[in-house]
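These notes concern the structure reproduced below.
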Amino acid sequence: MVKKQEIIKAESRNFNFFYADGTHALKDINVPLYEKRITALIGPSGCGKSTFLRSFNRMHDLYPGNKYQGKIILNPDDTNILDKKVDAIEVRMRISMVFQKPNPFPKSIYENVAYGLRVRGENNKRMLDDKVEEALKGASLWNEVKDRLPDLAFNLSGGQQQRLCIARALATDPEIMLFDEPTSALDPIATVNIEELMSELKKKLTILIVTHNMQQAARISDYTAYMYLGKMIEFDETDIIFTNPSKKETEDYITGKFG
Amino acid sequence: MSNVKPTISKALKKNIRRNFVERLIEWALMFSGLIAILVTFGIVYILVSESIPFFDSVSLKEFLTSTIWTPNFEIKNYGILPLVAGTVTITGIALIVAIPLGTITAVYLSEFASHKVKETVKPVLELLVGVPTVVFGYFALLLVTPLLQKIIPDLASFNMLGPGIVMGIMIVPYIASVAEDSMRAVPMAMREGSYAMGATRFQTAVSVVMPAALSGIIAAYILAISRGIGETMIVAIAAGQQPNFTFNPIESAATITAYIVSVALGDLEHGGIGYQSIFAAGMVLFIMTLSLNILGQWTRNKFSERY
């Protein structure tokens, strides 16, 4: 099972989620995110994996009527980030997110990356320059864009746009990064680039990724959670999930009997 | 075999009736579209053909540079500048009122208001569009101007400030509605990207949604300018119909439209040079709004959304 030396960076405890219309989308989810590891969420469409991922940076707050129940703990100091006293904006500073489709802002490449710092009131040019360069290097995009930082971000290719979104998310030094099917809108080569990038990123931070692509989960993740109909069916090391799952449902999904 | 063949060829035969109906519908649709185009060309034709005799007696140079417009006086002067100055000043005042108010309303409706509030406010706002402009004119003359006179004692009873402000209020729903539509069209994914970076609602609205919707917002402003330039009743009632060459909002003035309407009320004889002058003035109005529309098209293409 789980190796002893692993540190839990974040963890959901008896987590339930209800949409405004009353749908009970997530039921008693218990999943740990180990520090500097990649955890993958897999499962058929509509099983709640994206809903779960989006709970980690409180994206559901944006739509009135949604309700969280239970806890999502952020370590080291055991804070429940769903607590009313916790500021969602502060949470999003520490837990950043990359979306399914690249969603750069209608701004220059530079300003896209600087955005997270700017909204925090950072206007020191030197500081911003350094951070932008560091983030773009971190997203292995620097060499491709360093000569055209003032260009509009929309001029980049899809894969470059997605790496720009990763750079944007990196610029605020997050502790955890959430990836919501980050390669589903990309071609195979861009997909490989993003996957390699994620393996590089996990040296510094903790990653939670939702993916439809089981090969992708098997290739890049250390741990995998299989979800079905709002429930967490099985969580284990990725190798075990894909070779020797303990639950029949997991095996059926992995082997393609349904889903 | 031989008895199957004719059945198939019969079934595959061209359906003359269906083709005819289709063709008929196509023509009907094209004709409806053509009417609008024909009317536009008709307007241009009348403007040009009636202006030509006017420019036989008044030189283009005098028309464009003279600062006196006195078609009703003994000594007739035909300098369009006073009318243009009145139009520009009143429209300018209207925009100073309408652009901030309309934009803020649009931002509120699109980014802040709850569904319920939006569903209540928008129809009410659109109701304002339905108010006849003559009502706005008397509102400016009998309510706004007297109120303003308490603050600015020098304000003439007929002035440009009052009608300008009222015109601005009238334009707010145009700007708010068009700008809100274009902001609402910005994909949710882009907003979520901004929120996920820790931006507030206001930061997201100003630095992500508004730039993304820029072309629509500019289009709204240009629509508002055209609306202001073309507005007639408010200025005819409340601005005084005195063609003064001034940009001072507390003085009275006439706009191009106000002049045209005063002639239409029967102050000038048909067919004379004074009568033709309204077509020359209309031509100026037409060129002003046409160039604004072209500018609007151009900005729409230049800043078109690419999300």
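Each chain in the structure tokens gets a letter, A, B, ..., in the order shown, and its residues are numbered from 1; ligands are numbered from 1 in order too.
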Between chain B and chain A, at 9 Å or less, what are the per-residue closest atom pairs and their distances in Å? Count only C-alpha atoms, order by chain and rising residue number, and return it as a tab-separated table.
residue	atom	partner	partner_atom	distance
B:Ser114	CA	A:Pro64	CA	8.8
B:Ala189	CA	A:Asn103	CA	6.4
B:Met190	CA	A:Asn103	CA	5.5
B:Arg191	CA	A:Phe105	CA	8.9
B:Glu192	CA	A:Met59	CA	7.6
B:Gly193	CA	A:Asn103	CA	6.5
B:Ser194	CA	A:Phe105	CA	8.0
B:Tyr195	CA	A:Met59	CA	7.8
B:Ala196	CA	A:Arg92	CA	5.8
B:Met197	CA	A:Gly116	CA	5.3
B:Gly198	CA	A:Ile89	CA	4.7
B:Ala199	CA	A:Val119	CA	5.8
B:Thr200	CA	A:Ile89	CA	7.5
B:Gln203	CA	A:Val119	CA	7.0
B:Ser207	CA	A:Phe105	CA	8.7
B:Val208	CA	A:Phe105	CA	6.1
B:Val209	CA	A:Pro106	CA	8.6
B:Pro211	CA	A:Pro106	CA	6.3
B:Ala212	CA	A:Pro106	CA	5.6
B:Glu305	CA	A:Pro106	CA	8.7
B:Arg306	CA	A:Phe154	CA	7.2
B:Tyr307	CA	A:Phe154	CA	7.7
Can I get the selected residues back with N, CA, C and O atoms, as a PDB file, in the first residue's frame?
ATOM      1  N   SER B 114     -27.448  39.252  -9.398  1.00  0.00           N
ATOM      2  CA  SER B 114     -27.960  37.895  -9.370  1.00  0.00           C
ATOM      3  C   SER B 114     -28.965  37.743 -10.508  1.00  0.00           C
ATOM      4  O   SER B 114     -29.446  38.739 -11.065  1.00  0.00           O
ATOM      5  N   ALA B 189     -15.256  30.122 -18.999  1.00  0.00           N
ATOM      6  CA  ALA B 189     -13.920  29.556 -18.747  1.00  0.00           C
ATOM      7  C   ALA B 189     -12.897  30.663 -18.515  1.00  0.00           C
ATOM      8  O   ALA B 189     -11.975  30.504 -17.713  1.00  0.00           O
ATOM      9  N   MET B 190     -13.072  31.790 -19.213  1.00  0.00           N
ATOM     10  CA  MET B 190     -12.105  32.872 -19.054  1.00  0.00           C
ATOM     11  C   MET B 190     -12.247  33.522 -17.681  1.00  0.00           C
ATOM     12  O   MET B 190     -11.268  33.838 -17.021  1.00  0.00           O
ATOM     13  N   ARG B 191     -13.491  33.697 -17.250  1.00  0.00           N
ATOM     14  CA  ARG B 191     -13.710  34.242 -15.903  1.00  0.00           C
ATOM     15  C   ARG B 191     -13.151  33.294 -14.858  1.00  0.00           C
ATOM     16  O   ARG B 191     -12.477  33.711 -13.924  1.00  0.00           O
ATOM     17  N   GLU B 192     -13.435  32.012 -15.025  1.00  0.00           N
ATOM     18  CA  GLU B 192     -12.960  31.043 -14.035  1.00  0.00           C
ATOM     19  C   GLU B 192     -11.440  31.065 -13.958  1.00  0.00           C
ATOM     20  O   GLU B 192     -10.867  30.938 -12.883  1.00  0.00           O
ATOM     21  N   GLY B 193     -10.801  31.236 -15.126  1.00  0.00           N
ATOM     22  CA  GLY B 193      -9.342  31.333 -15.136  1.00  0.00           C
ATOM     23  C   GLY B 193      -8.880  32.471 -14.252  1.00  0.00           C
ATOM     24  O   GLY B 193      -7.901  32.344 -13.506  1.00  0.00           O
ATOM     25  N   SER B 194      -9.595  33.573 -14.313  1.00  0.00           N
ATOM     26  CA  SER B 194      -9.220  34.732 -13.523  1.00  0.00           C
ATOM     27  C   SER B 194      -9.494  34.499 -12.034  1.00  0.00           C
ATOM     28  O   SER B 194      -8.647  34.773 -11.184  1.00  0.00           O
ATOM     29  N   TYR B 195     -10.669  33.951 -11.730  1.00  0.00           N
ATOM     30  CA  TYR B 195     -10.985  33.663 -10.323  1.00  0.00           C
ATOM     31  C   TYR B 195      -9.988  32.665  -9.749  1.00  0.00           C
ATOM     32  O   TYR B 195      -9.554  32.787  -8.611  1.00  0.00           O
ATOM     33  N   ALA B 196      -9.621  31.677 -10.565  1.00  0.00           N
ATOM     34  CA  ALA B 196      -8.691  30.656 -10.084  1.00  0.00           C
ATOM     35  C   ALA B 196      -7.329  31.258  -9.766  1.00  0.00           C
ATOM     36  O   ALA B 196      -6.547  30.679  -9.027  1.00  0.00           O
ATOM     37  N   MET B 197      -7.026  32.420 -10.355  1.00  0.00           N
ATOM     38  CA  MET B 197      -5.765  33.091 -10.028  1.00  0.00           C
ATOM     39  C   MET B 197      -5.895  33.933  -8.766  1.00  0.00           C
ATOM     40  O   MET B 197      -4.961  34.650  -8.403  1.00  0.00           O
ATOM     41  N   GLY B 198      -7.050  33.895  -8.149  1.00  0.00           N
ATOM     42  CA  GLY B 198      -7.231  34.654  -6.918  1.00  0.00           C
ATOM     43  C   GLY B 198      -7.728  36.065  -7.157  1.00  0.00           C
ATOM     44  O   GLY B 198      -7.607  36.917  -6.293  1.00  0.00           O
ATOM     45  N   ALA B 199      -8.281  36.320  -8.358  1.00  0.00           N
ATOM     46  CA  ALA B 199      -8.806  37.656  -8.628  1.00  0.00           C
ATOM     47  C   ALA B 199     -10.192  37.796  -8.011  1.00  0.00           C
ATOM     48  O   ALA B 199     -10.913  36.810  -7.862  1.00  0.00           O
ATOM     49  N   THR B 200     -10.547  39.032  -7.663  1.00  0.00           N
ATOM     50  CA  THR B 200     -11.890  39.288  -7.157  1.00  0.00           C
ATOM     51  C   THR B 200     -12.845  39.459  -8.340  1.00  0.00           C
ATOM     52  O   THR B 200     -12.419  39.504  -9.492  1.00  0.00           O
ATOM     53  N   GLN B 203     -11.921  42.737 -10.109  1.00  0.00           N
ATOM     54  CA  GLN B 203     -10.693  42.606 -10.903  1.00  0.00           C
ATOM     55  C   GLN B 203     -10.962  41.806 -12.163  1.00  0.00           C
ATOM     56  O   GLN B 203     -10.478  42.130 -13.250  1.00  0.00           O
ATOM     57  N   SER B 207     -10.288  43.604 -15.622  1.00  0.00           N
ATOM     58  CA  SER B 207      -9.080  43.270 -16.370  1.00  0.00           C
ATOM     59  C   SER B 207      -9.202  42.038 -17.259  1.00  0.00           C
ATOM     60  O   SER B 207      -8.285  41.777 -18.039  1.00  0.00           O
ATOM     61  N   VAL B 208     -10.279  41.296 -17.176  1.00  0.00           N
ATOM     62  CA  VAL B 208     -10.428  40.160 -18.090  1.00  0.00           C
ATOM     63  C   VAL B 208     -11.688  40.288 -18.957  1.00  0.00           C
ATOM     64  O   VAL B 208     -11.615  40.249 -20.179  1.00  0.00           O
ATOM     65  N   VAL B 209     -12.823  40.477 -18.316  1.00  0.00           N
ATOM     66  CA  VAL B 209     -14.075  40.462 -19.092  1.00  0.00           C
ATOM     67  C   VAL B 209     -14.169  41.681 -20.016  1.00  0.00           C
ATOM     68  O   VAL B 209     -14.473  41.544 -21.204  1.00  0.00           O
ATOM     69  N   PRO B 211     -11.760  43.731 -21.338  1.00  0.00           N
ATOM     70  CA  PRO B 211     -10.899  43.647 -22.533  1.00  0.00           C
ATOM     71  C   PRO B 211     -11.390  42.592 -23.528  1.00  0.00           C
ATOM     72  O   PRO B 211     -11.319  42.799 -24.727  1.00  0.00           O
ATOM     73  N   ALA B 212     -11.916  41.489 -23.014  1.00  0.00           N
ATOM     74  CA  ALA B 212     -12.388  40.439 -23.917  1.00  0.00           C
ATOM     75  C   ALA B 212     -13.610  40.899 -24.703  1.00  0.00           C
ATOM     76  O   ALA B 212     -13.813  40.475 -25.834  1.00  0.00           O
ATOM     77  N   GLU B 305     -13.531  39.463 -30.897  1.00  0.00           N
ATOM     78  CA  GLU B 305     -13.214  38.504 -29.851  1.00  0.00           C
ATOM     79  C   GLU B 305     -12.549  37.273 -30.456  1.00  0.00           C
ATOM     80  O   GLU B 305     -13.006  36.758 -31.468  1.00  0.00           O
ATOM     81  N   ARG B 306     -11.497  36.826 -29.807  1.00  0.00           N
ATOM     82  CA  ARG B 306     -10.846  35.621 -30.313  1.00  0.00           C
ATOM     83  C   ARG B 306     -10.677  34.587 -29.210  1.00  0.00           C
ATOM     84  O   ARG B 306      -9.614  34.023 -29.027  1.00  0.00           O
ATOM     85  N   TYR B 307     -11.711  34.443 -28.427  1.00  0.00           N
ATOM     86  CA  TYR B 307     -11.584  33.420 -27.403  1.00  0.00           C
ATOM     87  C   TYR B 307     -12.211  32.136 -27.872  1.00  0.00           C
ATOM     88  O   TYR B 307     -12.913  32.086 -28.835  1.00  0.00           O
TER      89      TYR B 307
END
- Message: What's around A:Lys67 at 7 Å? Count only C-alpha atoms, leave out sequence neighbours fewer than 4 positions away in its own chain, and write the answer as a list in words.
- Response: Phe17, Phe18 and Tyr19 of chain A
Prev. selection, N, CA, C and O atoms, output as a JSON list (two decimals), in the first residue's frame:
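The file below, selection02.json, is the result:
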[["chain", "number", "residue", "atom", "x", "y", "z"],
["A", 17, "PHE", "N", -20.60, 17.00, -1.53],
["A", 17, "PHE", "CA", -20.86, 18.24, -2.24],
["A", 17, "PHE", "C", -22.25, 18.21, -2.86],
["A", 17, "PHE", "O", -22.66, 17.20, -3.45],
["A", 18, "PHE", "N", -22.96, 19.35, -2.71],
["A", 18, "PHE", "CA", -24.32, 19.47, -3.26],
["A", 18, "PHE", "C", -24.37, 20.66, -4.19],
["A", 18, "PHE", "O", -23.98, 21.77, -3.81],
["A", 19, "TYR", "N", -24.86, 20.43, -5.40],
["A", 19, "TYR", "CA", -25.09, 21.56, -6.30],
["A", 19, "TYR", "C", -26.34, 22.32, -5.87],
["A", 19, "TYR", "O", -27.16, 21.81, -5.11]]
- Task: Skip B:Leu292 itself and residues of its chain fewer than 6 positions away, then list as a ChimeraX atom specification all residues within 10 Å of it, counting only C-alpha atoms.
- Result: /B:219,222-223,225-226,286,298
Writer output for current selection, C-alpha atoms, as a PDB file, in the first residue's frame:
ATOM      1  CA  ALA B 219     -19.666  49.234 -30.750  1.00  0.00           C
ATOM      2  CA  ILE B 222     -20.437  54.261 -31.327  1.00  0.00           C
ATOM      3  CA  LEU B 223     -24.091  53.338 -31.476  1.00  0.00           C
ATOM      4  CA  ILE B 225     -22.791  58.586 -30.500  1.00  0.00           C
ATOM      5  CA  SER B 226     -24.860  57.973 -33.626  1.00  0.00           C
ATOM      6  CA  PHE B 286     -25.543  61.515 -42.964  1.00  0.00           C
ATOM      7  CA  TRP B 298     -13.681  48.687 -38.332  1.00  0.00           C
TER       8      TRP B 298
END
- Message: Here is a test: counting only C-alpha atoms, which residue of B:Ala205, B:Val172, B:Ile256, B:Leu95 is nearest to B:Trp69?
- Response: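 Under the stated criterion, the closest residue is B:Ile256.
A straight line drawn from atom CA of B:Met233 to atom CA of B:Gly137 is 6.1 Å long.
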- Would you mind writing down, as a PyMOL selection string, each residue of stretch 45-159 of chain B that DSSP on the backbone assigns to alpha helix (DSSP H)? chain B and resi 45-57+60-65+81-107+115-129+133-139+145-151
- Query: When distances are computed from only C-alpha atoms, which of B:Val39, B:Ala254, B:Leu147, B:Val263 shows the smallest separation from B:Ser277?
  - Reply: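 Between B:Val39, B:Ala254, B:Leu147, B:Val263, the residue approaching B:Ser277 most closely is B:Val263.
For the choices B:Ser66, B:Gln297, B:Thr40, B:Ser177, the atom-to-atom distance to B:Gly102 is smallest for B:Ser177 when using only C-alpha atoms.
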- Give the strand (DSSP E) residues of stretch 123-226 of chain A, as DSSP finds them on the backbone, and put them as a ChimeraX atom specification. /A:176-180,206-210,223-226
- Separation of atom CA of B:Phe54 from atom CA of B:Asn72 in Å: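 Atom CA of B:Phe54 lies at a distance of 15.2 Å from atom CA of B:Asn72.
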- Fewer than 5 positions away in the same chain doesn't count, so skip those; otherwise give me all residues within 10 Å of stretch 22-32 of chain A, counting only C-alpha atoms, as a ChimeraX atom specification. /A:7-17,39,41,46-49,51-52,65-73,223-225,227-236
- Message: Just want the 12 Å neighbourhood of B:Pro249, counted on only C-alpha atoms, with same-chain residues fewer than 3 positions away dropped. Output as a PyMOL selection string.
- Response: chain B and resi 85-94+145+148+152+154-165+239+244-246+252-254
- Task: List the neighbours of A:Asn193 out to 10 Å using only C-alpha atoms; skip same-chain residues closer than 2 positions along the sequence, and give me the result as a PyMOL selection string.
- Result: chain A and resi 139-140+159-160+163+183+188-191+195-198
Writer output for current selection, N, CA, C and O atoms, as a PDB file, in the first residue's frame:
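Ended up saving to part-v9.pdb:
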ATOM      1  N   ALA A 139       7.427  26.445 -16.993  1.00  0.00           N
ATOM      2  CA  ALA A 139       6.441  25.815 -17.868  1.00  0.00           C
ATOM      3  C   ALA A 139       7.071  25.442 -19.212  1.00  0.00           C
ATOM      4  O   ALA A 139       6.351  25.190 -20.179  1.00  0.00           O
ATOM      5  N   SER A 140       8.392  25.415 -19.272  1.00  0.00           N
ATOM      6  CA  SER A 140       9.198  25.219 -20.497  1.00  0.00           C
ATOM      7  C   SER A 140       8.627  25.939 -21.714  1.00  0.00           C
ATOM      8  O   SER A 140       8.448  25.368 -22.772  1.00  0.00           O
ATOM      9  N   GLY A 159      -1.075  24.188 -27.689  1.00  0.00           N
ATOM     10  CA  GLY A 159      -0.174  23.607 -26.692  1.00  0.00           C
ATOM     11  C   GLY A 159       0.599  24.683 -25.946  1.00  0.00           C
ATOM     12  O   GLY A 159       0.785  24.599 -24.733  1.00  0.00           O
ATOM     13  N   GLN A 160       1.030  25.710 -26.698  1.00  0.00           N
ATOM     14  CA  GLN A 160       1.753  26.813 -26.048  1.00  0.00           C
ATOM     15  C   GLN A 160       0.830  27.573 -25.112  1.00  0.00           C
ATOM     16  O   GLN A 160       1.237  27.971 -24.019  1.00  0.00           O
ATOM     17  N   ARG A 163       0.589  25.707 -21.944  1.00  0.00           N
ATOM     18  CA  ARG A 163       1.784  25.894 -21.110  1.00  0.00           C
ATOM     19  C   ARG A 163       1.814  27.304 -20.526  1.00  0.00           C
ATOM     20  O   ARG A 163       2.309  27.522 -19.423  1.00  0.00           O
ATOM     21  N   THR A 183      -5.004  18.039 -21.128  1.00  0.00           N
ATOM     22  CA  THR A 183      -4.521  17.739 -22.477  1.00  0.00           C
ATOM     23  C   THR A 183      -5.649  17.314 -23.415  1.00  0.00           C
ATOM     24  O   THR A 183      -5.395  16.962 -24.559  1.00  0.00           O
ATOM     25  N   PRO A 188      -1.286  15.132 -29.855  1.00  0.00           N
ATOM     26  CA  PRO A 188      -0.431  14.196 -29.113  1.00  0.00           C
ATOM     27  C   PRO A 188       0.925  14.770 -28.711  1.00  0.00           C
ATOM     28  O   PRO A 188       1.402  14.521 -27.604  1.00  0.00           O
ATOM     29  N   ILE A 189       1.530  15.585 -29.582  1.00  0.00           N
ATOM     30  CA  ILE A 189       2.864  16.102 -29.245  1.00  0.00           C
ATOM     31  C   ILE A 189       2.767  17.094 -28.096  1.00  0.00           C
ATOM     32  O   ILE A 189       3.534  17.043 -27.132  1.00  0.00           O
ATOM     33  N   ALA A 190       1.781  17.989 -28.181  1.00  0.00           N
ATOM     34  CA  ALA A 190       1.579  18.951 -27.091  1.00  0.00           C
ATOM     35  C   ALA A 190       1.245  18.215 -25.799  1.00  0.00           C
ATOM     36  O   ALA A 190       1.666  18.624 -24.716  1.00  0.00           O
ATOM     37  N   THR A 191       0.507  17.097 -25.920  1.00  0.00           N
ATOM     38  CA  THR A 191       0.160  16.296 -24.743  1.00  0.00           C
ATOM     39  C   THR A 191       1.410  15.761 -24.066  1.00  0.00           C
ATOM     40  O   THR A 191       1.566  15.856 -22.846  1.00  0.00           O
ATOM     41  N   GLU A 195       2.727  16.449 -20.280  1.00  0.00           N
ATOM     42  CA  GLU A 195       2.968  15.344 -19.342  1.00  0.00           C
ATOM     43  C   GLU A 195       4.383  15.403 -18.779  1.00  0.00           C
ATOM     44  O   GLU A 195       4.598  15.228 -17.572  1.00  0.00           O
ATOM     45  N   GLU A 196       5.346  15.668 -19.657  1.00  0.00           N
ATOM     46  CA  GLU A 196       6.735  15.774 -19.181  1.00  0.00           C
ATOM     47  C   GLU A 196       6.859  16.928 -18.198  1.00  0.00           C
ATOM     48  O   GLU A 196       7.563  16.835 -17.186  1.00  0.00           O
ATOM     49  N   LEU A 197       6.159  17.999 -18.523  1.00  0.00           N
ATOM     50  CA  LEU A 197       6.188  19.176 -17.658  1.00  0.00           C
ATOM     51  C   LEU A 197       5.647  18.843 -16.271  1.00  0.00           C
ATOM     52  O   LEU A 197       6.220  19.234 -15.252  1.00  0.00           O
ATOM     53  N   MET A 198       4.557  18.074 -16.235  1.00  0.00           N
ATOM     54  CA  MET A 198       3.970  17.722 -14.942  1.00  0.00           C
ATOM     55  C   MET A 198       4.936  16.886 -14.112  1.00  0.00           C
ATOM     56  O   MET A 198       5.079  17.101 -12.910  1.00  0.00           O
TER      57      MET A 198
END
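Atom CA of B:Arg227 is positioned 11.9 Å from atom CA of B:Leu290.
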- Item | Counting only C-alpha atoms, the residue of B:Val107, B:Val131, B:Ile35, B:Leu143 that sits nearest B:Ile175 | B:Val107
